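Since the structure comes first, as structure tokens, the remarks are kept for the end.
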Amino acid sequence: MHILLTHEQTDFDGLASLLGAALLQPGAVPLLPHRLNRNVRAYLTLYGLELPFIEPTDQPRGRVEAITLVDTQSLTSVKGAEAETEIRAIDHHEPRPDLPKNWRLTYEPTGACTTIFVEGVQGGDVHLSPPQATLLLLGIYEDTGGLTYTRTTPRDVRAAAWLLEQGASLQVAQKFLNHPLTTAQQAIYDRLRQQAETHVINGHSLILAQTDASETDEELSTIAHKLRDLLDPDGLILLVQTASGVQLIGRATTDNIHMDRLMEQFGGGGHPRAAAALVRATALSDVYDEVLNALPHHVQPAVTVAEIMSRRPQLLDPDTQVKEVAAQMQRYGYEGYPVVERGKVVGLLTRRAVDRAISHRLNLRVREVMSSGDHHVTPQDSIESLQRVMTESGWGQIPVLEGGEVVGIVTRTDLLKMLMPQTAGSGRPNLEARLEAGLPSARLALLKAVAHTAREQGDALYIVGGFVRDLLLDHPSLDMDLVVEGDAIALADALAKRYGGKVTSHKRFGTAKWQLAGIAAELATALSLKDEPAMDPATLPDSLDLVSARREFYTHPTALPTVERGSIKLDLHRRDFTINTLALRLDGHHYGDLLDFWGGMQDLKDGIVRVLHSLSFVDDPTRMLRAVRFEQRFGYQISNRTQELLQNALPLLDRVSGDRLRHELGAILHEPNWDRMLARLAKLEVLDAVHPALVFDAAAKKRVALALGAQPGPQWELAAHHDSMPLPEALTYVVWMLERPSVEAASMAGRLRLPGWLTKALLAANRLLPKLDTLADGPASAAVAALDEAPPLALYALHLAGSKAARGMLETYIGKWRAVQPLTTGHDLRARGIPAGPLYRQVLLALRAAWLDGEVTDEAGERAKLDELLND
């Protein structure tokens, strides 16, 4: 017997994973745990008859030969299990270090464990009922916060989309994800809210609440969710005395708080943002004190050394000659170097010490002039710790150590920039006149109205990025990117209250969209000044996006960024290139002030595309394609250092999803200078790093130009867009791959995750190209037999790139041949006593071929041909 199990007190992800495992292994027994969350039990009460689960009391008798654990790596006792029972775990949690060696673990880093099983169901011949599809959707939604948690992956999103296509109900899912509290739960909720205490740890607000609920056996995770939503802290920890012990439940809203590590310390586990533990035989007050004492070890500082340090610093050996260091300082402009001997920091050499030695013409070694000491910090240290080390040591450059190795250096300038950020003032350049001249009157009035409301809210408002860049280049754009140094959602709500319109917001990311399309006329009237002509509503945008200033950091190379609230400076620092880090302040007397923290103005003047830091391409390798796009759009030059960083990061493109790469290539194909951009990408070996089949030579350039300029007539039956992809872009991929080996073309399509319809057209065109001229010289029936199998997109791509004879044949096929059909039908064949079967198709195709090849020219000829075929 094969048993399927999940964890006790299971949630929807555990139950849905159990269902997925049962669907993929029909002969196995999906055994419910003894305890389920209340909303999970409620779902089973309504829909349990359509689900394959078995209560633990109904477990069939007999020997258990295999057990599959889902959404867990812990095994409870199972009747019939023996030492020889094969154990397999399928989970999305990090592998346990103490997992028994004889267990088999399948680990997939998805946001929800359910996603792993949905992918398996997609690939098999499994029909889902609506309750099954909805349960699987609940599993994904619950563990990804409705696809909003940072651990959500593209796989989770694709799985959820597929489930909706299979009939999953969002209405039902919402009902069970937002389950109301019972009377007993409400009482516990009220007590916890009254007992809540706020503690600020490493710059983060954490709320701890404790109560005694040993008289009830209520499910507590729902209470934790509702308290978190109400109190909105960075972290929430509930300590509830139950009959089994002290139940700990942790929730976090930032990746700087590691709830999983905290709970592991108390024998539990979970995710970084949601975890739990049960502590037995310890008083509630004692557990509270232990948690409070442990928290600083699991809460990263709000700002850490890692965020301001420079990575991969140059190191000195103590026996290096000072004159060599002087040349190095002159070349790179650094003010100090850590001195390392046998892997240990032994001192710091500053420019001042080098200059003094050189001025005295002393031929000394580094160890003779350096400041001795082992002062250092770690990437996880707070800014306060860094400041203390600098003060105590007197060093202006502090090495950053991790695992005993120097991984970075942080300078006094880095610290001062963080502690004393620049603010806009009268000394800044002011672009008020450019702004007033560059925008239509209605849009300008709209900006001023938003800025006025922001000032009333006490928030600073900025217009940032490409808009400011293009304004300085005298090519003002209507694409406005507004950043609020404060609460963007509250600002949007205030605007909607004053002027009307609807607001859609995402609290987690601090973003809001103010919908204006339905109030354009009224808004234009409200914004118009007295005794001035009324403004044109058509010049107003359909919506306005407002974003709270935020910062981003990357947990690993090529990861999507983690987002947190920040200042305008941190918000600008997350952008790709210095020329896109410019901002105009719009509120109050700061109106028109230009903020330029990263030298963007100078780079615009010098025509330079430059990244902000040395890990920019490591954080997001797609910036390589954008660097070339901006370089060729403006006729600029990628800086030498940026190009060096780009070349070093090329291997990381292999980790970027095909969807993101295709998005960047699509943006390039929409540019007037697309050919120069692709040629530059080829020269920098970026295209080859994306996929070796993306060869951009003279022949490819000619074909792509034809695709981008194509205007097919209606006879080709090609829509301007297919699945939101413009026709020229789709044609480009087909013609680009025409002359590549079919295996390469298929591999490229897979790498870029081209849609199935496009891949089919691409491969069909690739397969037909070598045969076109032969088909053009042969009988029409042979050509039609080959062309009938190809989608219209493939045929038009071949028409663009084929020879004159091939184009003529394709035009004849589209305009004439494909419409040719015999007069005889299946009904006629049945009337002649011929039994239905494959013979019908053979006869009808032969008759069609006879018409195409001129063997038959009229009805009498077809009847004669039919008699001949039937006699044969």
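Starting from 1 in every chain, residues are counted up; chains themselves are A, B, ... following the order of the structure tokens, and ligands are numbered from 1 as listed.
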
Among segment 127-183 of chain A, which residues does DSSP mark as helix (DSSP H, G or I) when it is run on the backbone? Keep the chain and numbering as in the structure and answer as a PDB file with C-alpha atoms, in the first residue's frame.
```pdb
ATOM      1  CA  PRO A 130     -14.409  22.760 -10.384  1.00  0.00           C
ATOM      2  CA  PRO A 131     -14.035  21.879  -6.649  1.00  0.00           C
ATOM      3  CA  GLN A 132     -10.691  20.164  -7.370  1.00  0.00           C
ATOM      4  CA  ALA A 133      -9.417  23.087  -9.470  1.00  0.00           C
ATOM      5  CA  THR A 134     -10.572  25.567  -6.804  1.00  0.00           C
ATOM      6  CA  LEU A 135      -8.826  23.630  -4.006  1.00  0.00           C
ATOM      7  CA  LEU A 136      -5.577  23.631  -5.993  1.00  0.00           C
ATOM      8  CA  LEU A 137      -5.984  27.387  -6.575  1.00  0.00           C
ATOM      9  CA  LEU A 138      -6.571  27.920  -2.845  1.00  0.00           C
ATOM     10  CA  GLY A 139      -3.313  26.092  -2.127  1.00  0.00           C
ATOM     11  CA  ILE A 140      -1.367  28.436  -4.395  1.00  0.00           C
ATOM     12  CA  TYR A 141      -3.158  31.606  -3.309  1.00  0.00           C
ATOM     13  CA  GLU A 142      -2.810  30.934   0.417  1.00  0.00           C
ATOM     14  CA  ASP A 143       0.935  30.294   0.371  1.00  0.00           C
ATOM     15  CA  THR A 144       1.733  33.159  -2.027  1.00  0.00           C
ATOM     16  CA  PRO A 154       6.488  32.688 -12.357  1.00  0.00           C
ATOM     17  CA  ARG A 155       5.656  28.997 -12.034  1.00  0.00           C
ATOM     18  CA  ASP A 156       3.047  29.781  -9.362  1.00  0.00           C
ATOM     19  CA  VAL A 157       1.464  32.442 -11.562  1.00  0.00           C
ATOM     20  CA  ARG A 158       1.315  30.158 -14.596  1.00  0.00           C
ATOM     21  CA  ALA A 159      -0.170  27.340 -12.515  1.00  0.00           C
ATOM     22  CA  ALA A 160      -2.855  29.646 -11.068  1.00  0.00           C
ATOM     23  CA  ALA A 161      -3.746  30.928 -14.545  1.00  0.00           C
ATOM     24  CA  TRP A 162      -4.123  27.379 -15.843  1.00  0.00           C
ATOM     25  CA  LEU A 163      -6.383  26.437 -12.922  1.00  0.00           C
ATOM     26  CA  LEU A 164      -8.666  29.368 -13.698  1.00  0.00           C
ATOM     27  CA  GLU A 165      -8.905  28.049 -17.250  1.00  0.00           C
ATOM     28  CA  LEU A 170     -12.133  32.951  -7.495  1.00  0.00           C
ATOM     29  CA  GLN A 171     -15.387  33.726  -5.715  1.00  0.00           C
ATOM     30  CA  VAL A 172     -15.256  30.489  -3.738  1.00  0.00           C
ATOM     31  CA  ALA A 173     -11.521  30.901  -3.096  1.00  0.00           C
ATOM     32  CA  GLN A 174     -12.012  34.392  -1.697  1.00  0.00           C
ATOM     33  CA  LYS A 175     -14.717  33.102   0.650  1.00  0.00           C
ATOM     34  CA  PHE A 176     -12.446  30.492   2.216  1.00  0.00           C
ATOM     35  CA  LEU A 177      -9.267  32.583   2.270  1.00  0.00           C
ATOM     36  CA  THR A 183     -16.860  33.539  18.655  1.00  0.00           C
TER      37      THR A 183
END
```

For the strand (DSSP E) assignment from backbone DSSP, which residues of segment 408-573 of chain A qualify? Please present them as a PDB file with N, CA, C and O atoms, in the first residue's frame.
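New file part22.pdb:
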```
ATOM      1  N   GLY A 408      34.314  43.271   0.657  1.00  0.00           N
ATOM      2  CA  GLY A 408      33.974  44.633   0.284  1.00  0.00           C
ATOM      3  C   GLY A 408      34.707  45.638   1.135  1.00  0.00           C
ATOM      4  O   GLY A 408      35.487  45.284   2.038  1.00  0.00           O
ATOM      5  N   ILE A 409      34.440  46.896   0.835  1.00  0.00           N
ATOM      6  CA  ILE A 409      34.996  47.985   1.630  1.00  0.00           C
ATOM      7  C   ILE A 409      33.950  49.078   1.702  1.00  0.00           C
ATOM      8  O   ILE A 409      33.197  49.303   0.745  1.00  0.00           O
ATOM      9  N   VAL A 410      33.846  49.720   2.855  1.00  0.00           N
ATOM     10  CA  VAL A 410      32.889  50.807   3.029  1.00  0.00           C
ATOM     11  C   VAL A 410      33.656  52.018   3.537  1.00  0.00           C
ATOM     12  O   VAL A 410      34.506  51.900   4.433  1.00  0.00           O
ATOM     13  N   THR A 411      33.397  53.171   2.941  1.00  0.00           N
ATOM     14  CA  THR A 411      34.195  54.357   3.224  1.00  0.00           C
ATOM     15  C   THR A 411      33.418  55.373   4.056  1.00  0.00           C
ATOM     16  O   THR A 411      32.195  55.275   4.214  1.00  0.00           O
ATOM     17  N   ALA A 460       6.403  64.762  -0.217  1.00  0.00           N
ATOM     18  CA  ALA A 460       7.141  65.321  -1.345  1.00  0.00           C
ATOM     19  C   ALA A 460       6.786  64.528  -2.598  1.00  0.00           C
ATOM     20  O   ALA A 460       6.633  63.305  -2.548  1.00  0.00           O
ATOM     21  N   LEU A 461       6.652  65.227  -3.739  1.00  0.00           N
ATOM     22  CA  LEU A 461       6.264  64.583  -4.991  1.00  0.00           C
ATOM     23  C   LEU A 461       7.338  64.838  -6.038  1.00  0.00           C
ATOM     24  O   LEU A 461       7.822  65.963  -6.192  1.00  0.00           O
ATOM     25  N   TYR A 462       7.686  63.778  -6.765  1.00  0.00           N
ATOM     26  CA  TYR A 462       8.723  63.873  -7.795  1.00  0.00           C
ATOM     27  C   TYR A 462       8.234  63.242  -9.083  1.00  0.00           C
ATOM     28  O   TYR A 462       7.488  62.259  -9.078  1.00  0.00           O
ATOM     29  N   ILE A 463       8.676  63.813 -10.200  1.00  0.00           N
ATOM     30  CA  ILE A 463       8.550  63.142 -11.480  1.00  0.00           C
ATOM     31  C   ILE A 463       9.954  62.694 -11.857  1.00  0.00           C
ATOM     32  O   ILE A 463      10.917  63.479 -11.760  1.00  0.00           O
ATOM     33  N   VAL A 464      10.114  61.435 -12.235  1.00  0.00           N
ATOM     34  CA  VAL A 464      11.454  60.840 -12.261  1.00  0.00           C
ATOM     35  C   VAL A 464      11.709  60.107 -13.570  1.00  0.00           C
ATOM     36  O   VAL A 464      10.825  59.877 -14.394  1.00  0.00           O
ATOM     37  N   LEU A 482       5.545  59.148 -11.486  1.00  0.00           N
ATOM     38  CA  LEU A 482       5.473  59.962 -10.269  1.00  0.00           C
ATOM     39  C   LEU A 482       5.824  59.135  -9.039  1.00  0.00           C
ATOM     40  O   LEU A 482       5.291  58.042  -8.845  1.00  0.00           O
ATOM     41  N   VAL A 483       6.709  59.678  -8.218  1.00  0.00           N
ATOM     42  CA  VAL A 483       7.137  59.015  -6.989  1.00  0.00           C
ATOM     43  C   VAL A 483       6.801  59.918  -5.811  1.00  0.00           C
ATOM     44  O   VAL A 483       7.085  61.120  -5.831  1.00  0.00           O
ATOM     45  N   VAL A 484       6.195  59.331  -4.791  1.00  0.00           N
ATOM     46  CA  VAL A 484       5.792  60.054  -3.589  1.00  0.00           C
ATOM     47  C   VAL A 484       6.722  59.671  -2.451  1.00  0.00           C
ATOM     48  O   VAL A 484       6.880  58.481  -2.157  1.00  0.00           O
ATOM     49  N   GLU A 485       7.336  60.646  -1.834  1.00  0.00           N
ATOM     50  CA  GLU A 485       8.140  60.371  -0.641  1.00  0.00           C
ATOM     51  C   GLU A 485       7.183  60.427   0.540  1.00  0.00           C
ATOM     52  O   GLU A 485       7.102  61.399   1.262  1.00  0.00           O
ATOM     53  N   LYS A 502     -11.653  56.541  -9.811  1.00  0.00           N
ATOM     54  CA  LYS A 502     -11.441  55.375  -8.967  1.00  0.00           C
ATOM     55  C   LYS A 502      -9.955  55.140  -8.723  1.00  0.00           C
ATOM     56  O   LYS A 502      -9.126  55.517  -9.554  1.00  0.00           O
ATOM     57  N   VAL A 503      -9.646  54.492  -7.615  1.00  0.00           N
ATOM     58  CA  VAL A 503      -8.258  54.177  -7.257  1.00  0.00           C
ATOM     59  C   VAL A 503      -8.124  52.669  -7.077  1.00  0.00           C
ATOM     60  O   VAL A 503      -8.913  52.052  -6.365  1.00  0.00           O
ATOM     61  N   THR A 504      -7.142  52.094  -7.747  1.00  0.00           N
ATOM     62  CA  THR A 504      -6.751  50.706  -7.474  1.00  0.00           C
ATOM     63  C   THR A 504      -5.344  50.740  -6.885  1.00  0.00           C
ATOM     64  O   THR A 504      -4.478  51.456  -7.399  1.00  0.00           O
ATOM     65  N   SER A 505      -5.134  49.991  -5.822  1.00  0.00           N
ATOM     66  CA  SER A 505      -3.857  50.102  -5.116  1.00  0.00           C
ATOM     67  C   SER A 505      -3.319  48.736  -4.753  1.00  0.00           C
ATOM     68  O   SER A 505      -4.051  47.747  -4.711  1.00  0.00           O
ATOM     69  N   HIS A 506      -2.014  48.706  -4.483  1.00  0.00           N
ATOM     70  CA  HIS A 506      -1.322  47.515  -3.991  1.00  0.00           C
ATOM     71  C   HIS A 506      -0.539  47.952  -2.745  1.00  0.00           C
ATOM     72  O   HIS A 506       0.553  48.523  -2.861  1.00  0.00           O
ATOM     73  N   THR A 511       1.816  51.194  -4.235  1.00  0.00           N
ATOM     74  CA  THR A 511       1.494  51.769  -5.535  1.00  0.00           C
ATOM     75  C   THR A 511      -0.007  51.993  -5.659  1.00  0.00           C
ATOM     76  O   THR A 511      -0.807  51.266  -5.077  1.00  0.00           O
ATOM     77  N   ALA A 512      -0.369  53.012  -6.439  1.00  0.00           N
ATOM     78  CA  ALA A 512      -1.780  53.315  -6.667  1.00  0.00           C
ATOM     79  C   ALA A 512      -1.954  53.803  -8.097  1.00  0.00           C
ATOM     80  O   ALA A 512      -1.089  54.492  -8.647  1.00  0.00           O
ATOM     81  N   LYS A 513      -3.083  53.438  -8.697  1.00  0.00           N
ATOM     82  CA  LYS A 513      -3.443  53.923 -10.035  1.00  0.00           C
ATOM     83  C   LYS A 513      -4.745  54.701  -9.911  1.00  0.00           C
ATOM     84  O   LYS A 513      -5.773  54.160  -9.501  1.00  0.00           O
ATOM     85  N   TRP A 514      -4.679  55.974 -10.280  1.00  0.00           N
ATOM     86  CA  TRP A 514      -5.858  56.842 -10.255  1.00  0.00           C
ATOM     87  C   TRP A 514      -6.467  56.829 -11.643  1.00  0.00           C
ATOM     88  O   TRP A 514      -5.867  57.322 -12.601  1.00  0.00           O
ATOM     89  N   GLN A 515      -7.665  56.244 -11.783  1.00  0.00           N
ATOM     90  CA  GLN A 515      -8.327  56.104 -13.071  1.00  0.00           C
ATOM     91  C   GLN A 515      -9.016  57.413 -13.434  1.00  0.00           C
ATOM     92  O   GLN A 515      -9.883  57.895 -12.699  1.00  0.00           O
ATOM     93  N   SER A 543      -5.078  57.315 -16.998  1.00  0.00           N
ATOM     94  CA  SER A 543      -4.824  57.011 -15.590  1.00  0.00           C
ATOM     95  C   SER A 543      -3.500  57.633 -15.187  1.00  0.00           C
ATOM     96  O   SER A 543      -2.697  58.035 -16.042  1.00  0.00           O
ATOM     97  N   LEU A 544      -3.284  57.711 -13.889  1.00  0.00           N
ATOM     98  CA  LEU A 544      -2.039  58.267 -13.358  1.00  0.00           C
ATOM     99  C   LEU A 544      -1.518  57.308 -12.299  1.00  0.00           C
ATOM    100  O   LEU A 544      -2.230  56.955 -11.357  1.00  0.00           O
ATOM    101  N   ASP A 545      -0.260  56.875 -12.460  1.00  0.00           N
ATOM    102  CA  ASP A 545       0.361  55.948 -11.517  1.00  0.00           C
ATOM    103  C   ASP A 545       1.147  56.722 -10.470  1.00  0.00           C
ATOM    104  O   ASP A 545       1.969  57.579 -10.809  1.00  0.00           O
ATOM    105  N   LEU A 546       0.920  56.389  -9.218  1.00  0.00           N
ATOM    106  CA  LEU A 546       1.651  56.983  -8.097  1.00  0.00           C
ATOM    107  C   LEU A 546       2.346  55.858  -7.340  1.00  0.00           C
ATOM    108  O   LEU A 546       1.731  54.838  -7.034  1.00  0.00           O
ATOM    109  N   VAL A 547       3.622  56.074  -7.038  1.00  0.00           N
ATOM    110  CA  VAL A 547       4.427  55.036  -6.395  1.00  0.00           C
ATOM    111  C   VAL A 547       5.110  55.622  -5.171  1.00  0.00           C
ATOM    112  O   VAL A 547       5.721  56.694  -5.242  1.00  0.00           O
ATOM    113  N   SER A 548       5.004  54.925  -4.042  1.00  0.00           N
ATOM    114  CA  SER A 548       5.764  55.346  -2.858  1.00  0.00           C
ATOM    115  C   SER A 548       7.244  55.093  -3.099  1.00  0.00           C
ATOM    116  O   SER A 548       7.623  54.048  -3.651  1.00  0.00           O
ATOM    117  N   ARG A 550      10.740  53.781  -2.900  1.00  0.00           N
ATOM    118  CA  ARG A 550      11.103  52.472  -2.376  1.00  0.00           C
ATOM    119  C   ARG A 550      12.535  52.141  -2.747  1.00  0.00           C
ATOM    120  O   ARG A 550      13.128  52.772  -3.602  1.00  0.00           O
ATOM    121  N   ARG A 551      13.021  51.135  -2.106  1.00  0.00           N
ATOM    122  CA  ARG A 551      14.333  50.619  -2.451  1.00  0.00           C
ATOM    123  C   ARG A 551      14.187  49.153  -2.802  1.00  0.00           C
ATOM    124  O   ARG A 551      13.225  48.490  -2.422  1.00  0.00           O
ATOM    125  N   GLU A 552      15.146  48.647  -3.551  1.00  0.00           N
ATOM    126  CA  GLU A 552      15.120  47.255  -3.972  1.00  0.00           C
ATOM    127  C   GLU A 552      16.453  46.613  -3.634  1.00  0.00           C
ATOM    128  O   GLU A 552      17.501  47.268  -3.653  1.00  0.00           O
ATOM    129  N   PHE A 553      16.410  45.319  -3.313  1.00  0.00           N
ATOM    130  CA  PHE A 553      17.647  44.562  -3.208  1.00  0.00           C
ATOM    131  C   PHE A 553      17.384  43.165  -3.748  1.00  0.00           C
ATOM    132  O   PHE A 553      16.263  42.700  -3.825  1.00  0.00           O
ATOM    133  N   THR A 562      13.478  42.443  -4.298  1.00  0.00           N
ATOM    134  CA  THR A 562      12.640  42.589  -3.126  1.00  0.00           C
ATOM    135  C   THR A 562      12.466  44.075  -2.870  1.00  0.00           C
ATOM    136  O   THR A 562      13.422  44.842  -2.931  1.00  0.00           O
ATOM    137  N   VAL A 563      11.236  44.497  -2.598  1.00  0.00           N
ATOM    138  CA  VAL A 563      10.907  45.924  -2.527  1.00  0.00           C
ATOM    139  C   VAL A 563      10.568  46.303  -1.100  1.00  0.00           C
ATOM    140  O   VAL A 563       9.831  45.591  -0.414  1.00  0.00           O
ATOM    141  N   GLU A 564      11.099  47.456  -0.646  1.00  0.00           N
ATOM    142  CA  GLU A 564      10.759  48.009   0.656  1.00  0.00           C
ATOM    143  C   GLU A 564      10.657  49.525   0.533  1.00  0.00           C
ATOM    144  O   GLU A 564      11.229  50.130  -0.355  1.00  0.00           O
ATOM    145  N   ARG A 565       9.919  50.138   1.477  1.00  0.00           N
ATOM    146  CA  ARG A 565       9.751  51.591   1.491  1.00  0.00           C
ATOM    147  C   ARG A 565      11.095  52.271   1.725  1.00  0.00           C
ATOM    148  O   ARG A 565      11.901  51.793   2.520  1.00  0.00           O
TER     149      ARG A 565
END
```

Contact table segment 503-611 of chain A vs segment 427-436 of chain A, cut-off 8 Å, shortest pair per residue, only C-alpha atoms, as CSV:
```
residue,atom,partner,partner_atom,distance
A:Leu584,CA,A:Leu431,CA,7.7
A:Tyr591,CA,A:Glu432,CA,6.8
A:Gly592,CA,A:Glu432,CA,4.4
A:Asp593,CA,A:Asn430,CA,4.4
A:Leu594,CA,A:Pro429,CA,5.5
A:Leu595,CA,A:Arg428,CA,7.2
```

Output the selection as a compact mmCIF listing (two decimals), in the first residue's frame - N, CA and C atoms for each residue.
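Output file again04.txt is given in full below:
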```txt
# COMPACT_ATOMS: atom_id res chain seq x y z
N LEU A 584 12.64 65.48 -10.79
CA LEU A 584 12.19 66.86 -10.58
C LEU A 584 11.21 66.88 -9.42
N TYR A 591 9.28 73.42 -6.49
CA TYR A 591 8.77 73.12 -7.82
C TYR A 591 9.84 73.34 -8.89
N GLY A 592 10.16 72.25 -9.62
CA GLY A 592 11.14 72.34 -10.70
C GLY A 592 12.56 72.03 -10.30
N ASP A 593 12.83 71.86 -8.98
CA ASP A 593 14.20 71.55 -8.54
C ASP A 593 14.64 70.19 -9.08
N LEU A 594 15.85 70.15 -9.61
CA LEU A 594 16.40 68.91 -10.17
C LEU A 594 17.24 68.19 -9.13
N LEU A 595 16.96 66.92 -8.91
CA LEU A 595 17.77 66.08 -8.03
C LEU A 595 18.65 65.18 -8.89
```

- Between atom CA of Ala746 of chain A and atom CA of Leu669 of chain A, what is the spacing in Å?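 Those two atoms sit 20.9 Å apart.
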
- Message: If we count only C-alpha atoms and set the cut-off at 6 Å, which residues sit around segment 209-225 of chain A, ignoring sequence neighbours fewer than 3 positions away in its own chain? Please answer as a ChimeraX atom specification.
- Response: /A:37,192,195-196,228,238-243

If we count only C-alpha atoms and set the cut-off at 8 Å, which residues sit around segment 619-636 of chain A, ignoring sequence neighbours fewer than 6 positions away in its own chain? Please answer as a compact mmCIF listing (two decimals) with N, CA, C and O atoms, in the first residue's frame.
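Heads up, here's the output in part-v7.txt:
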```txt
# COMPACT_ATOMS: atom_id res chain seq x y z
N TYR A 554 18.46 42.53 -4.17
CA TYR A 554 18.37 41.24 -4.84
C TYR A 554 18.96 40.17 -3.93
O TYR A 554 20.09 40.28 -3.48
N HIS A 556 19.68 37.13 -4.72
CA HIS A 556 20.71 36.39 -5.43
C HIS A 556 20.75 36.90 -6.86
O HIS A 556 19.82 37.54 -7.32
N PRO A 557 21.85 36.64 -7.59
CA PRO A 557 21.96 37.15 -8.95
C PRO A 557 20.78 36.73 -9.82
O PRO A 557 20.32 35.60 -9.75
N THR A 558 20.30 37.68 -10.62
CA THR A 558 19.19 37.52 -11.58
C THR A 558 17.84 37.37 -10.90
O THR A 558 16.84 37.21 -11.57
N ALA A 559 17.78 37.43 -9.56
CA ALA A 559 16.48 37.32 -8.90
C ALA A 559 15.66 38.57 -9.19
O ALA A 559 16.20 39.64 -9.47
N LEU A 560 14.33 38.43 -9.10
CA LEU A 560 13.50 39.62 -9.13
C LEU A 560 13.71 40.37 -7.81
O LEU A 560 13.93 39.76 -6.77
N ASP A 576 18.40 51.68 -13.42
CA ASP A 576 19.44 50.97 -14.17
C ASP A 576 20.68 51.80 -14.48
O ASP A 576 21.80 51.37 -14.23
N PHE A 577 20.50 53.02 -15.00
CA PHE A 577 21.65 53.82 -15.45
C PHE A 577 21.54 55.23 -14.89
O PHE A 577 20.45 55.73 -14.61
N GLY A 607 27.35 62.12 -23.03
CA GLY A 607 26.88 61.04 -23.90
C GLY A 607 27.34 59.67 -23.41
O GLY A 607 27.83 58.86 -24.20
N ILE A 608 27.18 59.42 -22.11
CA ILE A 608 27.67 58.18 -21.49
C ILE A 608 26.50 57.39 -20.91
O ILE A 608 25.62 57.95 -20.26
N VAL A 609 26.50 56.08 -21.14
CA VAL A 609 25.59 55.17 -20.46
C VAL A 609 26.40 54.44 -19.40
O VAL A 609 27.34 53.72 -19.73
N LEU A 646 29.61 44.52 -18.05
CA LEU A 646 28.68 43.81 -18.93
C LEU A 646 29.30 42.51 -19.43
O LEU A 646 28.67 41.45 -19.39
N ALA A 649 29.48 39.81 -16.85
CA ALA A 649 28.20 39.26 -16.40
C ALA A 649 27.46 38.47 -17.47
O ALA A 649 26.37 37.96 -17.21
N LEU A 650 28.03 38.34 -18.66
CA LEU A 650 27.33 37.65 -19.75
C LEU A 650 26.81 36.26 -19.37
O LEU A 650 25.69 35.90 -19.74
N LEU A 652 25.49 35.25 -16.80
CA LEU A 652 24.28 35.31 -15.98
C LEU A 652 23.01 35.40 -16.81
O LEU A 652 21.92 35.14 -16.31
N LEU A 653 23.13 35.76 -18.09
CA LEU A 653 21.95 35.80 -18.95
C LEU A 653 21.30 34.43 -19.06
O LEU A 653 20.10 34.32 -19.33
N VAL A 656 18.27 34.09 -16.79
CA VAL A 656 17.12 34.99 -16.94
C VAL A 656 16.02 34.26 -17.71
O VAL A 656 16.28 33.55 -18.67
N ARG A 660 11.33 37.46 -19.93
CA ARG A 660 11.96 38.76 -19.71
C ARG A 660 12.89 39.13 -20.86
O ARG A 660 12.95 40.27 -21.29
N LEU A 661 13.62 38.13 -21.37
CA LEU A 661 14.51 38.40 -22.51
C LEU A 661 13.69 38.79 -23.73
O LEU A 661 14.06 39.72 -24.47
N GLU A 664 12.59 42.38 -23.59
CA GLU A 664 13.64 43.35 -23.94
C GLU A 664 13.91 43.36 -25.45
O GLU A 664 14.10 44.43 -26.05
N LEU A 665 13.92 42.20 -26.08
CA LEU A 665 14.11 42.14 -27.53
C LEU A 665 12.95 42.82 -28.25
O LEU A 665 13.15 43.52 -29.26
N ILE A 668 13.42 46.51 -28.28
CA ILE A 668 14.43 46.89 -29.29
C ILE A 668 13.82 46.91 -30.68
O ILE A 668 14.07 47.82 -31.48
N GLU A 671 12.20 50.07 -31.81
CA GLU A 671 13.03 51.28 -31.91
C GLU A 671 13.39 51.56 -33.38
O GLU A 671 13.62 50.62 -34.15
N PRO A 672 13.50 52.83 -33.77
CA PRO A 672 13.92 53.16 -35.14
C PRO A 672 15.31 52.61 -35.47
O PRO A 672 15.58 52.24 -36.61
N ASN A 673 16.20 52.57 -34.48
CA ASN A 673 17.58 52.11 -34.70
C ASN A 673 17.76 50.66 -34.29
O ASN A 673 18.83 50.26 -33.82
N ARG A 676 20.98 48.88 -35.56
CA ARG A 676 22.24 49.21 -34.87
C ARG A 676 22.29 48.57 -33.49
O ARG A 676 23.35 48.17 -33.02
N MET A 677 21.14 48.49 -32.86
CA MET A 677 21.09 47.88 -31.52
C MET A 677 21.40 46.39 -31.59
O MET A 677 22.20 45.88 -30.79
N ARG A 680 25.06 45.86 -32.36
CA ARG A 680 25.89 46.12 -31.18
C ARG A 680 25.80 44.97 -30.17
O ARG A 680 26.80 44.55 -29.60
N LEU A 681 24.59 44.45 -29.99
CA LEU A 681 24.42 43.31 -29.09
C LEU A 681 25.19 42.10 -29.59
O LEU A 681 25.76 41.34 -28.81
N VAL A 686 26.24 39.59 -26.60
CA VAL A 686 25.05 39.45 -25.77
C VAL A 686 24.05 38.50 -26.43
O VAL A 686 23.47 37.63 -25.76
```

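Closest approach to Leu615 of chain A among A:Arg312, A:Glu405, A:Val322, A:Leu527: A:Arg312, based on only C-alpha atoms.
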